[in-house]
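Engineer: Got a structure for you, written out below as structure tokens; questions coming shortly.
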Amino acid sequence: MKKILGIFCITLLLGSCSSFLEEYSQDLSKVESYTDLDEVLLGEAYLPVGRIWSANSMLKVENKYFQTAHYMSDELTVFSWDDRGDINGVQDEMFGWHTWQQDVGLNAEGSSRNAEDEDWNKAYHCINICNMVIDAIDEQHAANEEQKLEKSRIKGEAHFLRALYYFTLVNMYGKPYSPENLSAPSIPIKLSPVVEDKEYTTNTVGETYNQILKDLDEADTCLINTTIKNRPYRADITAVYLLKSRTYLYMQNWKKAYEYAQKVLAKNDNLLDLNTLSSESGDVLTKSSPETIFSMGGHLLASSIYQQRRFSYGKWVACPVYTISDDLVSAFREGENDLRMQYYIMKDIIGGGWDFTGYMNAWVFKKVAGWENLGYKEVSDQFLFRTAEAYLNAAEAAAYMGEEGIARTLLKALRDKRLINSTMPTESGESLVTLIREERQCELCLEGHRWYDLRRYLVCEKYPYSKTITHYYTSFDYNGPLYTKRYMLETNDPAYTLALPKEVLDFQNNLGTNHRPTRTSTDYTPEEPDDVTPPVQE
């Protein structure tokens with residue numbers, strides 16, 4: 001059976017889209033200069049800014065993409081007493097992802113289904129925009145050297161974005177990169193902007209990573225002599241270097257991972273010094289932070305997991321949907337000496353929702369305060385590039401290569417800006433790698449890295465690591481919680497790799513995909529609330 005793949009959408013992936021294809025085929029004929037392609041790239045290949053906002057006393061969600069990785073990792077745990085804060089129904093929507101279900105679209109009762117392919121569709125839409133721009137940009141006229149550099153910038157950004165989308169997809173739907181998994185099925189690669197009459201197949205993990213590197217090499221060549229157009233919302237050479245470093249780290253090419261992390265730091269080695277902040281300083285992640293390199297898309301996570309925090313009729317009501325897990329809290333080895341326990345997460349008094357509940361102390365997310373100023377946030381919750389990652393990439397790669405002195409020095413440089421009193425680490429061997437991994441867990445928490453890091457640790461040739469993760473789901477009615485179920489992700493669980501979206505498999509059921517096992521649950525009784533005195537309204 002033959003399938004037709006379109007210029008701006010893959011019919012197999014998006015379903016019936018003949019009118020959509022026709023619309024953009026007509027638009028393509030109107031491209032008259034490289035500036036037209038730049039506008040298309042900005043408007044259609046870069047992710048739109050997402051937000052949660054209020055209109056006519058109703059909360060609305062706009063451009064919600066690439067949220068699921070946050071809920072699969074070991075960073076969040078559900079708040080089982082009260083769902084009054086879950087205004088947008090996040091716990092039900094994310095049930096299948098958060099509990100690692102075989103069929104992630106089904107709700108807990110199996111009575112309704114959410115779409116599984118929204119991120120998939122958006123990624124391939126953006127990839128096809130990149131394909132069109134890459135195919136057409138060389139034909140556009142440039143009258144002088146400045147215009148030639150502009151063409152080069154546009155082409156480089158398109159290659160970078162295509163690499164970033166394929167990197168994200170392969171780390172959701174392909175097995176972690178390792179010699180044993182190179183021939184495993186991952187995702188389809190489409191590079192042509194034209195309609196193709198051919199059978200639709202998935203490429204292997206190895207083929208997908210090779211394409212990512214090809215795109216990044218081309219982006220490197222195109223962007224090395226150009227200037228960024230709108231920092232940090234357009235990609236530049238520093239962003240390319242950081243994605244290259246990350247890709248090589250996942251491929252366990254330690255030398256290249258270290259090399260490109262150092263190239264990032266040669267361009268920008270700035271870090272935000274938490275010692276200079278005050279507890280009332282607001283969001284830590286901002287576009288103006290000295291360590292922000294690139295950001296794309298919105299920040300929906302903060303308001304999705306903790307929006308209800310205020311005095312209501314004189315009573316303190318703080319009802320997060322998810323709190324910070326014990327796994328993440330325990331990674332902050334330094335305790336109060338670590339300023340990230342003030343600015344990245346914080347201890348809060350939560351509860352007060354249902355009449356029969358009390359209050360408890362819990363750790364909540366604070367890097368971006370979801371309970372303040374609903375609307376657009378300055379940086380992304382999934383596609384934020386920071387210099388802190390370059391320090392961690394370089395330190396991890398150096399440790400694996402046996403350059404432990406370099407790894408400790410890099411780690412201390414980061415910790416100098418995060419701890420009140422920072423000393424040189426003394427760990428070596430596996431203990432040093434464990435420390436670096438924990439630093440990465442703390443520093444990059446809830447920025448979209450942790451799930452992918454846990455996947456790559458499974459197959460790491462040096463010091464492989466896996467753990468059991470426990471998540472919960474609570475069902476509510478109008479009177480409060482009905483029951484809570486406990487779910488386990490076991491060590492080396494095959495569920496670290498998602499099956500292709502159901503909508504895609506339904507369209508072509510012979511498509512090769514990874515198997516995700518059936519997930520079972522056990523009953524769980526949440527702990528009773530602590531005897532904590534709530535805040536008093538002044």
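FYI, nothing fancy with the structure tokens labels: chains A, B, ... in order, residues from 1 per chain, ligands from 1 as they appear.
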Going by DSSP on the backbone, which bits of range 156-380 of chain A are helix (DSSP H, G or I)? Write them as a PyMOL selection string, please.

Structural biologist: chain A and resi 156-173+179-181+205-223+237-250+254-267+274-276+301-305+326-331+335-337+340-343

Engineer: Quick one: everything within 10 Å of Ala362 in chain A, counting only C-alpha atoms, minus sequence neighbours fewer than 3 positions away in the same chain. Send it as a ChimeraX atom specification.

Structural biologist: /A:79,320,323-326,346-351,359

Engineer: At a cut-off of 9 Å, using only C-alpha atoms, what residues contact range 116-133 of chain A? Leave out same-chain residues fewer than 6 positions from it and give the result as a ChimeraX atom specification.

Structural biologist: /A:6-10,13-14,28,37-38,40-41,44-47,64-67,103-105,154-155,157-159,161-163,165-166,168-169,190-194,500-504

Engineer: Name all residues at most 8 Å from Val49 in chain A (count only C-alpha atoms; drop same-chain ones fewer than 6 positions away) and give them as number ranges by chain.

Structural biologist: A: 63, 296-299, 376

Engineer: Just to be explicit: take each residue in the selection above, keep N, CA and C atoms, and write the result as a PDB file, in the first residue's frame.

Structural biologist:
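Listed below is the output, again-v6.pdb:
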```pdb
ATOM      1  N   ASN A  63      -1.496  26.255  23.129  1.00  0.00           N
ATOM      2  CA  ASN A  63      -0.236  25.714  22.612  1.00  0.00           C
ATOM      3  C   ASN A  63       0.465  24.823  23.636  1.00  0.00           C
ATOM      4  N   MET A 296      12.546  27.965  23.382  1.00  0.00           N
ATOM      5  CA  MET A 296      11.515  27.833  22.353  1.00  0.00           C
ATOM      6  C   MET A 296      10.262  27.244  22.979  1.00  0.00           C
ATOM      7  N   GLY A 297       9.130  27.861  22.736  1.00  0.00           N
ATOM      8  CA  GLY A 297       7.879  27.377  23.297  1.00  0.00           C
ATOM      9  C   GLY A 297       7.576  28.056  24.616  1.00  0.00           C
ATOM     10  N   GLY A 298       6.542  27.600  25.280  1.00  0.00           N
ATOM     11  CA  GLY A 298       6.100  28.244  26.502  1.00  0.00           C
ATOM     12  C   GLY A 298       6.450  27.454  27.744  1.00  0.00           C
ATOM     13  N   HIS A 299       5.971  27.951  28.890  1.00  0.00           N
ATOM     14  CA  HIS A 299       6.173  27.283  30.167  1.00  0.00           C
ATOM     15  C   HIS A 299       4.809  27.055  30.805  1.00  0.00           C
ATOM     16  N   TYR A 376       1.870  34.316  29.715  1.00  0.00           N
ATOM     17  CA  TYR A 376       3.133  33.972  29.092  1.00  0.00           C
ATOM     18  C   TYR A 376       4.261  34.007  30.113  1.00  0.00           C
TER      19      TYR A 376
END
```

Engineer: Counting only C-alpha atoms, what is within 9 Å of Gln91 in chain A, bar same-chain residues fewer than 4 positions away, as a PDB file with all heavy atoms, in the first residue's frame?

Structural biologist:
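Contents of part21.pdb, freshly written:
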```pdb
ATOM      1  N   VAL A  78       2.054  12.869  42.957  1.00  0.00           N
ATOM      2  CA  VAL A  78       0.719  13.440  42.947  1.00  0.00           C
ATOM      3  C   VAL A  78       0.301  13.860  44.355  1.00  0.00           C
ATOM      4  O   VAL A  78       0.680  13.237  45.353  1.00  0.00           O
ATOM      5  CB  VAL A  78      -0.288  12.430  42.357  1.00  0.00           C
ATOM      6  CG1 VAL A  78      -0.498  11.248  43.304  1.00  0.00           C
ATOM      7  CG2 VAL A  78      -1.612  13.077  42.038  1.00  0.00           C
ATOM      8  N   ASP A  83      -8.162  17.775  44.770  1.00  0.00           N
ATOM      9  CA  ASP A  83      -7.937  18.090  43.355  1.00  0.00           C
ATOM     10  C   ASP A  83      -8.460  19.467  42.996  1.00  0.00           C
ATOM     11  O   ASP A  83      -8.614  19.789  41.822  1.00  0.00           O
ATOM     12  CB  ASP A  83      -8.577  17.031  42.458  1.00  0.00           C
ATOM     13  CG  ASP A  83     -10.097  17.071  42.482  1.00  0.00           C
ATOM     14  OD1 ASP A  83     -10.662  17.623  43.454  1.00  0.00           O
ATOM     15  OD2 ASP A  83     -10.715  16.550  41.543  1.00  0.00           O
ATOM     16  N   ASP A  86      -6.421  21.237  40.587  1.00  0.00           N
ATOM     17  CA  ASP A  86      -6.283  20.653  39.244  1.00  0.00           C
ATOM     18  C   ASP A  86      -7.365  21.199  38.323  1.00  0.00           C
ATOM     19  O   ASP A  86      -8.209  20.457  37.799  1.00  0.00           O
ATOM     20  CB  ASP A  86      -6.359  19.136  39.339  1.00  0.00           C
ATOM     21  CG  ASP A  86      -5.874  18.450  38.069  1.00  0.00           C
ATOM     22  OD1 ASP A  86      -5.388  19.155  37.167  1.00  0.00           O
ATOM     23  OD2 ASP A  86      -5.999  17.222  37.985  1.00  0.00           O
ATOM     24  N   PHE A  95      -2.541  10.750  33.203  1.00  0.00           N
ATOM     25  CA  PHE A  95      -2.569   9.459  33.889  1.00  0.00           C
ATOM     26  C   PHE A  95      -1.742   8.408  33.157  1.00  0.00           C
ATOM     27  O   PHE A  95      -0.887   7.733  33.746  1.00  0.00           O
ATOM     28  CB  PHE A  95      -4.013   8.957  34.049  1.00  0.00           C
ATOM     29  CG  PHE A  95      -4.085   7.501  34.399  1.00  0.00           C
ATOM     30  CD1 PHE A  95      -3.833   7.075  35.686  1.00  0.00           C
ATOM     31  CD2 PHE A  95      -4.385   6.548  33.423  1.00  0.00           C
ATOM     32  CE1 PHE A  95      -3.867   5.724  36.013  1.00  0.00           C
ATOM     33  CE2 PHE A  95      -4.431   5.198  33.745  1.00  0.00           C
ATOM     34  CZ  PHE A  95      -4.168   4.789  35.036  1.00  0.00           C
ATOM     35  N   HIS A  98       2.008   9.350  33.278  1.00  0.00           N
ATOM     36  CA  HIS A  98       2.573   9.376  34.624  1.00  0.00           C
ATOM     37  C   HIS A  98       2.690   7.974  35.214  1.00  0.00           C
ATOM     38  O   HIS A  98       3.582   7.719  36.035  1.00  0.00           O
ATOM     39  CB  HIS A  98       1.683  10.247  35.525  1.00  0.00           C
ATOM     40  CG  HIS A  98       2.240  10.498  36.884  1.00  0.00           C
ATOM     41  ND1 HIS A  98       3.435  11.157  37.095  1.00  0.00           N
ATOM     42  CD2 HIS A  98       1.771  10.184  38.122  1.00  0.00           C
ATOM     43  CE1 HIS A  98       3.667  11.251  38.392  1.00  0.00           C
ATOM     44  NE2 HIS A  98       2.676  10.660  39.040  1.00  0.00           N
ATOM     45  N   ILE A 305       0.985  22.406  37.492  1.00  0.00           N
ATOM     46  CA  ILE A 305       1.161  21.560  38.677  1.00  0.00           C
ATOM     47  C   ILE A 305       0.932  22.306  39.987  1.00  0.00           C
ATOM     48  O   ILE A 305       0.739  21.668  41.026  1.00  0.00           O
ATOM     49  CB  ILE A 305       2.556  20.900  38.688  1.00  0.00           C
ATOM     50  CG1 ILE A 305       3.669  21.939  38.796  1.00  0.00           C
ATOM     51  CG2 ILE A 305       2.727  20.017  37.464  1.00  0.00           C
ATOM     52  CD1 ILE A 305       5.058  21.328  38.916  1.00  0.00           C
ATOM     53  N   VAL A 321      -1.225  20.169  42.237  1.00  0.00           N
ATOM     54  CA  VAL A 321      -1.604  18.913  41.604  1.00  0.00           C
ATOM     55  C   VAL A 321      -0.502  17.880  41.833  1.00  0.00           C
ATOM     56  O   VAL A 321      -0.767  16.705  42.098  1.00  0.00           O
ATOM     57  CB  VAL A 321      -1.855  19.110  40.097  1.00  0.00           C
ATOM     58  CG1 VAL A 321      -2.394  17.829  39.467  1.00  0.00           C
ATOM     59  CG2 VAL A 321      -2.816  20.269  39.863  1.00  0.00           C
ATOM     60  N   TYR A 322       0.744  18.324  41.731  1.00  0.00           N
ATOM     61  CA  TYR A 322       1.902  17.481  41.992  1.00  0.00           C
ATOM     62  C   TYR A 322       2.865  18.240  42.890  1.00  0.00           C
ATOM     63  O   TYR A 322       3.032  19.461  42.748  1.00  0.00           O
ATOM     64  CB  TYR A 322       2.633  17.111  40.697  1.00  0.00           C
ATOM     65  CG  TYR A 322       1.828  16.254  39.751  1.00  0.00           C
ATOM     66  CD1 TYR A 322       0.993  16.833  38.805  1.00  0.00           C
ATOM     67  CD2 TYR A 322       1.918  14.865  39.795  1.00  0.00           C
ATOM     68  CE1 TYR A 322       0.258  16.044  37.931  1.00  0.00           C
ATOM     69  CE2 TYR A 322       1.183  14.071  38.919  1.00  0.00           C
ATOM     70  CZ  TYR A 322       0.360  14.675  37.994  1.00  0.00           C
ATOM     71  OH  TYR A 322      -0.369  13.895  37.131  1.00  0.00           O
ATOM     72  N   TYR A 473      -1.854   7.562  41.548  1.00  0.00           N
ATOM     73  CA  TYR A 473      -3.008   8.223  40.932  1.00  0.00           C
ATOM     74  C   TYR A 473      -4.156   8.182  41.935  1.00  0.00           C
ATOM     75  O   TYR A 473      -4.451   7.136  42.523  1.00  0.00           O
ATOM     76  CB  TYR A 473      -3.432   7.535  39.638  1.00  0.00           C
ATOM     77  CG  TYR A 473      -4.739   8.067  39.102  1.00  0.00           C
ATOM     78  CD1 TYR A 473      -4.773   9.250  38.370  1.00  0.00           C
ATOM     79  CD2 TYR A 473      -5.938   7.416  39.363  1.00  0.00           C
ATOM     80  CE1 TYR A 473      -5.972   9.764  37.899  1.00  0.00           C
ATOM     81  CE2 TYR A 473      -7.145   7.923  38.903  1.00  0.00           C
ATOM     82  CZ  TYR A 473      -7.153   9.108  38.167  1.00  0.00           C
ATOM     83  OH  TYR A 473      -8.344   9.623  37.721  1.00  0.00           O
ATOM     84  N   THR A 474      -4.822   9.331  42.134  1.00  0.00           N
ATOM     85  CA  THR A 474      -5.957   9.420  43.035  1.00  0.00           C
ATOM     86  C   THR A 474      -7.196   9.824  42.254  1.00  0.00           C
ATOM     87  O   THR A 474      -7.159  10.776  41.469  1.00  0.00           O
ATOM     88  CB  THR A 474      -5.702  10.446  44.158  1.00  0.00           C
ATOM     89  OG1 THR A 474      -4.559  10.034  44.907  1.00  0.00           O
ATOM     90  CG2 THR A 474      -6.895  10.533  45.101  1.00  0.00           C
TER      91      THR A 474
END
```

Engineer: Within 12 Å of range 405-428 of chain A, which residues of range 190-263 of chain A come that close, and what is the closest atom pair and distance in Å for each? Count only C-alpha atoms and give it as CSV.

Structural biologist:
```
residue,atom,partner,partner_atom,distance
A:Tyr258,CA,A:Ala407,CA,10.2
A:Ala261,CA,A:Leu410,CA,11.1
A:Gln262,CA,A:Leu410,CA,10.4
```

Engineer: Would you mind exporting the chosen residues as a PDB file, in the first residue's frame, restricted to all heavy atoms?

Structural biologist:
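Contents of out_24.pdb, as written:
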```
ATOM      1  N   TYR A 258      32.533  16.367  25.375  1.00  0.00           N
ATOM      2  CA  TYR A 258      33.368  17.322  26.110  1.00  0.00           C
ATOM      3  C   TYR A 258      33.808  18.475  25.207  1.00  0.00           C
ATOM      4  O   TYR A 258      33.754  19.655  25.605  1.00  0.00           O
ATOM      5  CB  TYR A 258      34.591  16.604  26.679  1.00  0.00           C
ATOM      6  CG  TYR A 258      35.542  17.508  27.419  1.00  0.00           C
ATOM      7  CD1 TYR A 258      35.302  17.873  28.739  1.00  0.00           C
ATOM      8  CD2 TYR A 258      36.684  18.010  26.804  1.00  0.00           C
ATOM      9  CE1 TYR A 258      36.174  18.709  29.425  1.00  0.00           C
ATOM     10  CE2 TYR A 258      37.561  18.841  27.471  1.00  0.00           C
ATOM     11  CZ  TYR A 258      37.303  19.191  28.779  1.00  0.00           C
ATOM     12  OH  TYR A 258      38.162  20.026  29.451  1.00  0.00           O
ATOM     13  N   ALA A 261      30.880  20.867  24.592  1.00  0.00           N
ATOM     14  CA  ALA A 261      30.531  21.586  25.813  1.00  0.00           C
ATOM     15  C   ALA A 261      31.538  22.707  26.072  1.00  0.00           C
ATOM     16  O   ALA A 261      31.166  23.817  26.474  1.00  0.00           O
ATOM     17  CB  ALA A 261      30.498  20.622  26.996  1.00  0.00           C
ATOM     18  N   GLN A 262      32.803  22.431  25.817  1.00  0.00           N
ATOM     19  CA  GLN A 262      33.820  23.467  25.988  1.00  0.00           C
ATOM     20  C   GLN A 262      33.655  24.587  24.968  1.00  0.00           C
ATOM     21  O   GLN A 262      33.933  25.761  25.261  1.00  0.00           O
ATOM     22  CB  GLN A 262      35.224  22.853  25.873  1.00  0.00           C
ATOM     23  CG  GLN A 262      35.618  21.982  27.053  1.00  0.00           C
ATOM     24  CD  GLN A 262      35.851  22.790  28.318  1.00  0.00           C
ATOM     25  OE1 GLN A 262      35.715  24.007  28.344  1.00  0.00           O
ATOM     26  NE2 GLN A 262      36.192  22.116  29.406  1.00  0.00           N
TER      27      GLN A 262
END
```

Engineer: How close does each residue of range 356-431 of chain A get to range 312-318 of chain A, giving the shortest atom pair and distance in Å to one decimal for every residue with an atom at most 12 Å away, counting only C-alpha atoms, sorted by chain and residue number, as JSON lines?

Structural biologist:
```
{"residue": "A:Thr357", "atom": "CA", "partner": "A:Val317", "partner_atom": "CA", "distance": 10.9}
{"residue": "A:Gly358", "atom": "CA", "partner": "A:Val317", "partner_atom": "CA", "distance": 10.4}
{"residue": "A:Tyr359", "atom": "CA", "partner": "A:Ala318", "partner_atom": "CA", "distance": 9.0}
{"residue": "A:Met360", "atom": "CA", "partner": "A:Ala318", "partner_atom": "CA", "distance": 10.1}
{"residue": "A:Asn361", "atom": "CA", "partner": "A:Ala318", "partner_atom": "CA", "distance": 10.8}
{"residue": "A:Ala362", "atom": "CA", "partner": "A:Ala318", "partner_atom": "CA", "distance": 10.6}
{"residue": "A:Val364", "atom": "CA", "partner": "A:Ala318", "partner_atom": "CA", "distance": 10.6}
{"residue": "A:Trp371", "atom": "CA", "partner": "A:Ala318", "partner_atom": "CA", "distance": 9.7}
```

Engineer: Pull N, CA and C atoms from the residues just selected and write them as an mmCIF file, in the first residue's frame.

Structural biologist:
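The new file part13.cif reads:
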```cif
data_model
loop_
_atom_site.group_PDB
_atom_site.id
_atom_site.type_symbol
_atom_site.label_atom_id
_atom_site.label_comp_id
_atom_site.auth_asym_id
_atom_site.auth_seq_id
_atom_site.Cartn_x
_atom_site.Cartn_y
_atom_site.Cartn_z
ATOM 1 N N THR A 357 -9.579 17.977 55.430
ATOM 2 C CA THR A 357 -8.135 17.840 55.354
ATOM 3 C C THR A 357 -7.447 18.867 56.220
ATOM 4 N N GLY A 358 -6.246 18.530 56.642
ATOM 5 C CA GLY A 358 -5.415 19.471 57.385
ATOM 6 C C GLY A 358 -4.344 20.036 56.493
ATOM 7 N N TYR A 359 -3.213 20.345 57.110
ATOM 8 C CA TYR A 359 -2.100 20.945 56.383
ATOM 9 C C TYR A 359 -0.848 20.108 56.588
ATOM 10 N N MET A 360 0.050 20.206 55.638
ATOM 11 C CA MET A 360 1.316 19.475 55.725
ATOM 12 C C MET A 360 2.421 20.300 55.076
ATOM 13 N N ASN A 361 3.639 20.000 55.432
ATOM 14 C CA ASN A 361 4.791 20.557 54.741
ATOM 15 C C ASN A 361 5.103 19.704 53.523
ATOM 16 N N ALA A 362 5.385 20.348 52.419
ATOM 17 C CA ALA A 362 5.750 19.618 51.206
ATOM 18 C C ALA A 362 6.665 20.488 50.362
ATOM 19 N N VAL A 364 7.636 21.995 46.769
ATOM 20 C CA VAL A 364 6.941 22.362 45.538
ATOM 21 C C VAL A 364 7.915 23.042 44.579
ATOM 22 N N TRP A 371 1.841 29.970 40.437
ATOM 23 C CA TRP A 371 0.703 30.607 41.099
ATOM 24 C C TRP A 371 0.706 32.123 40.930
#
```

Engineer: Apply DSSP to the structure's backbone, then extract all residues of range 122-303 of chain A labelled strand (DSSP E or B) and return them as a PyMOL selection string.

Structural biologist: chain A and resi 185+196-198+204+292-296

Engineer: Can you pull out every residue within 9 Å of Leu223 in chain A, counting only C-alpha atoms, but drop anything in the same chain fewer than 5 positions away, and send it as a list in words?

Structural biologist: Leu149, Ser152, Arg153, Ile154, Lys155, Gly156, Glu157, Glu218, Ile228, Ala235, Asp236, Ile237 and Val240 of chain A

Engineer: Go ahead and write the selection's residues with N, CA, C and O atoms as a compact mmCIF listing (two decimals), in the first residue's frame.

Structural biologist:
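Dumped to result.txt:
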```
# COMPACT_ATOMS: atom_id res chain seq x y z
N LEU A 149 24.76 36.17 4.38
CA LEU A 149 24.82 35.71 5.77
C LEU A 149 23.42 35.49 6.33
O LEU A 149 23.21 34.57 7.13
N SER A 152 22.31 32.22 5.09
CA SER A 152 23.01 31.18 5.83
C SER A 152 22.41 30.99 7.22
O SER A 152 22.26 29.85 7.71
N ARG A 153 22.04 32.09 7.86
CA ARG A 153 21.42 32.01 9.19
C ARG A 153 20.10 31.24 9.13
O ARG A 153 19.84 30.35 9.95
N ILE A 154 19.27 31.57 8.16
CA ILE A 154 17.96 30.92 8.03
C ILE A 154 18.15 29.42 7.80
O ILE A 154 17.47 28.59 8.42
N LYS A 155 19.07 29.07 6.90
CA LYS A 155 19.32 27.65 6.62
C LYS A 155 19.85 26.93 7.86
O LYS A 155 19.43 25.82 8.18
N GLY A 156 20.75 27.59 8.58
CA GLY A 156 21.31 26.98 9.78
C GLY A 156 20.26 26.77 10.85
O GLY A 156 20.25 25.72 11.52
N GLU A 157 19.38 27.73 11.04
CA GLU A 157 18.32 27.58 12.03
C GLU A 157 17.40 26.42 11.66
O GLU A 157 16.95 25.66 12.54
N GLU A 218 25.62 20.71 9.57
CA GLU A 218 25.22 21.73 8.61
C GLU A 218 24.87 23.04 9.32
O GLU A 218 25.22 24.13 8.86
N ILE A 228 22.97 36.30 15.91
CA ILE A 228 21.63 35.89 16.28
C ILE A 228 20.65 37.03 16.02
O ILE A 228 20.98 38.21 16.21
N ALA A 235 17.80 30.38 17.32
CA ALA A 235 19.00 29.59 17.55
C ALA A 235 20.24 30.27 16.99
O ALA A 235 20.18 30.94 15.95
N ASP A 236 21.36 30.09 17.67
CA ASP A 236 22.64 30.58 17.17
C ASP A 236 23.68 29.47 17.32
O ASP A 236 23.36 28.34 17.69
N ILE A 237 24.94 29.79 17.04
CA ILE A 237 25.98 28.77 17.03
C ILE A 237 26.17 28.16 18.42
O ILE A 237 26.48 26.97 18.55
N VAL A 240 23.74 25.45 18.88
CA VAL A 240 24.16 24.29 18.09
C VAL A 240 25.21 23.50 18.85
O VAL A 240 25.13 22.26 18.95
```

Engineer: If you count only C-alpha atoms, which residues fall within 12 Å of Ile293 in chain A, apart from same-chain ones fewer than 5 positions away, as a ChimeraX atom specification?

Structural biologist: /A:228,230-243,264-265,267-271,285-288,379-380,383-390
